[in-house]
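Asker: Got a structure here, written out as structure tokens. Questions coming.
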Amino acid sequence: MADEIIEDDSVDKDAVLRALHHVQDPDLGRSIVELDFIKNLRVCGGNVAFDIELTTPACPVKEQMEEQARDLVMQVENVQNVAINMTSRTRQVVDIRGGIPGVKNAVAVAAGKGGVGKSTTAVNLALALIESGAKVGLLDADIHGPSIPIMLGIADGEQPDGEEVDGVQRIYPLDRFGLKLMSVGFLTQRDNPIIWRGPMIGKMLTTFLSSVIWGDLDYLIIDLPPGTGDVQLTLIQNTPLSGAVIVTTPEAVAGEDVIRAGKMFEKMGQSIGAHVPILGVVENMSWFEAPNGERHYLFGEGGGARIAGTFGVPLLGQVPREMGITQGGDSGIPIMLSAPHSPVGAVYQEIAGGVARRIATLAMESGA
Ligand SMILES: Nc1ncnc2c1ncn2[C@@H]1O[C@H](COP(=O)(O)OP(=O)(O)OP(=O)(O)O)[C@@H](O)[C@H]1O
Ligand SMILES: [Mg+2]
């Protein structure tokens, strides 16, 4: 807008808002005007400009919403130009225990069973959230064999910086591909593993976690070790979680384990008086696609959907079994970075969008 144009009333602001009333947030089922998403509405002659402030940068319907808003406002009397600025302010799921400083939402990635692709999911989910414009951290809490530093190409011996300020230890996460990374593996030398035992785990992990200076994060993704042991317990008790993503493979055995893991979140949530909602289910290694395009369902079909149904949560996505994913894990450059626009990249984007939407919905419901 040129400075010399003097604001006049040729376009009626109220008429613009009335038009925008017809744009709904699909998850919240309410108008974006009612939800107070319209910010900085300016009218100058026939020019209209405003921001739409979404609840997450990873909103999968961002483009549709912008287009719908533009079409509707263009139909308002005297409007010649519409400038829309899509912004976001990630909402926080309110937790009675207070959060990790600077972290809006901590999300645990969990599975009942080892080897189902939890770490792979955590890494690619975190990178997909970054791709959508969010500030993201990744905490590798798997004390049994931290694999995330390898998946992200962290050299052996590379350690986060630390310092002591007024007698209090501070640890600064590594920065990798824009991701703030911390691993419990950094606590130990890789060739000198500490034997982690029950009570010690809790204490060390709690001290360690409280020392990490994350900075401002929209999402902190936490890769949990498999099962329902001490680390999970400590984390759930000490870390206010916005929710958990459950990873499974399609076959039945993984399904039963995963239901146990999911129940753990529900039960522990009750025992500490805080609800840890399950955000959704990721089905990994759903099928293998032959070079002729034919899909082979090696572990059966429908396991992820069944588990999602059991918990009454969405199936966030189905990730095929693909060499590129294994290679991405081994090479230190995850598939979400090497091939973000591939079909698998699109699945991770869909998963990230689903997680962000569920958190936004829960946050809005909790009054954030
Ligand atoms: N969709 C996939 N396609 C191909 N390979 C995959 C896929 N998902 C995971 N993998 C590979 O399977 C192996 C196990 O995956 P990952 O380490 O992510 O599992 P995990 O559940 O974290 O295991 P753990 O229980 O040991 O922590 C890795 O080598 C990984 O690269
Ligand atoms: Mg793992």
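In the structure tokens, chains take the letters A, B, ... in the order shown, each chain's residues start at 1, and ligands count up from 1 in the order shown.
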Around ligand 2, at most 12 Å away and counting only C-alpha atoms and all ligand atoms, which residues are there? Put them as number ranges by chain, please.
Answerer: A: 109-123, 139-151, 183, 222-227, 247, 329
Asker: Just to be explicit: take each residue in the selection above, keep C-alpha atoms, and write the result as an mmCIF file, in the first residue's frame.
Answerer:
```cif
data_model
loop_
_atom_site.group_PDB
_atom_site.id
_atom_site.type_symbol
_atom_site.label_atom_id
_atom_site.label_comp_id
_atom_site.auth_asym_id
_atom_site.auth_seq_id
_atom_site.Cartn_x
_atom_site.Cartn_y
_atom_site.Cartn_z
ATOM 1 C CA VAL A 109 7.026 -40.815 20.485
ATOM 2 C CA ALA A 110 6.398 -44.215 22.007
ATOM 3 C CA ALA A 111 5.944 -47.854 21.086
ATOM 4 C CA GLY A 112 5.300 -51.012 23.017
ATOM 5 C CA LYS A 113 7.955 -52.926 21.173
ATOM 6 C CA GLY A 114 11.507 -52.280 19.987
ATOM 7 C CA GLY A 115 12.525 -51.887 16.384
ATOM 8 C CA VAL A 116 9.208 -50.698 14.998
ATOM 9 C CA GLY A 117 10.696 -47.411 13.763
ATOM 10 C CA LYS A 118 10.182 -45.076 16.682
ATOM 11 C CA SER A 119 13.449 -43.185 16.280
ATOM 12 C CA THR A 120 12.981 -42.979 12.511
ATOM 13 C CA THR A 121 9.510 -41.542 13.055
ATOM 14 C CA ALA A 122 10.719 -39.097 15.729
ATOM 15 C CA VAL A 123 13.526 -37.732 13.520
ATOM 16 C CA LEU A 139 15.302 -35.328 22.752
ATOM 17 C CA ASP A 140 16.685 -38.807 22.414
ATOM 18 C CA ALA A 141 15.738 -40.444 25.689
ATOM 19 C CA ASP A 142 16.641 -43.962 24.659
ATOM 20 C CA ILE A 143 19.280 -44.982 27.178
ATOM 21 C CA HIS A 144 19.602 -48.487 25.780
ATOM 22 C CA GLY A 145 21.289 -47.513 22.567
ATOM 23 C CA PRO A 146 20.853 -43.972 21.435
ATOM 24 C CA SER A 147 20.485 -44.134 17.673
ATOM 25 C CA ILE A 148 19.381 -40.610 16.916
ATOM 26 C CA PRO A 149 22.878 -39.053 16.912
ATOM 27 C CA ILE A 150 23.822 -41.607 14.254
ATOM 28 C CA MET A 151 20.650 -40.933 12.248
ATOM 29 C CA SER A 183 20.595 -37.116 23.591
ATOM 30 C CA ILE A 222 10.940 -37.001 22.659
ATOM 31 C CA ASP A 223 12.056 -40.395 21.431
ATOM 32 C CA LEU A 224 11.263 -42.843 24.203
ATOM 33 C CA PRO A 225 12.863 -46.239 24.609
ATOM 34 C CA PRO A 226 10.546 -49.175 23.932
ATOM 35 C CA GLY A 227 8.315 -50.602 26.597
ATOM 36 C CA VAL A 247 4.226 -46.036 16.523
ATOM 37 C CA GLY A 329 19.044 -43.539 8.949
#
```
Asker: What parts of segment 81-215 of chain A does DSSP call strand (DSSP E or B)? I'd like the answer as number ranges by chain.
Answerer: A: 81-88, 103-110, 136-140, 161-165, 168-172, 174-176, 179-183, 189, 192, 212
Asker: What parts of segment 113-331 of chain A does DSSP call helix (DSSP H, G or I)? I'd like the answer as a PyMOL selection string.
Answerer: chain A and resi 118-131+148-151+184-187+198-211+230-238+252-271+303-311+323-331
Asker: With only C-alpha atoms and all ligand atoms as the atoms that count, which of A:Ala83, A:Ile307, A:Met323, A:Ala261 lies nearest to ligand 1?
Answerer: A:Met323
Asker: Of the residues A:Ala346, A:Val319, A:Ile171, A:Ala244, which is the one nearest to ligand 1, using only C-alpha atoms and all ligand atoms?
Answerer: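 Comparing A:Ala346, A:Val319, A:Ile171, A:Ala244 against ligand 1, the winner is A:Val319.
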Asker: Calculated over only C-alpha atoms and all ligand atoms, which of the candidates A:Leu174, A:Leu152, A:Val43, A:Ala49 has the smallest distance to ligand 1?
Answerer: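 Smallest separation from ligand 1 among the options: A:Leu152.
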Asker: Can you tell me, as a list in words, what residues are no more than 8 Å from Gly178 of chain A when counting only C-alpha atoms, ignoring any on the same chain fewer than 2 positions away?
Answerer: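 That gives Ile130, Val136, Asp175, Arg176 and Lys180 of chain A.
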Asker: Of the residues A:Val168, A:Leu125, A:Val23, A:Leu181, which is the one nearest to ligand 1, using only C-alpha atoms and all ligand atoms?
Answerer: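 Among A:Val168, A:Leu125, A:Val23, A:Leu181, it is A:Leu125 that comes nearest to ligand 1.
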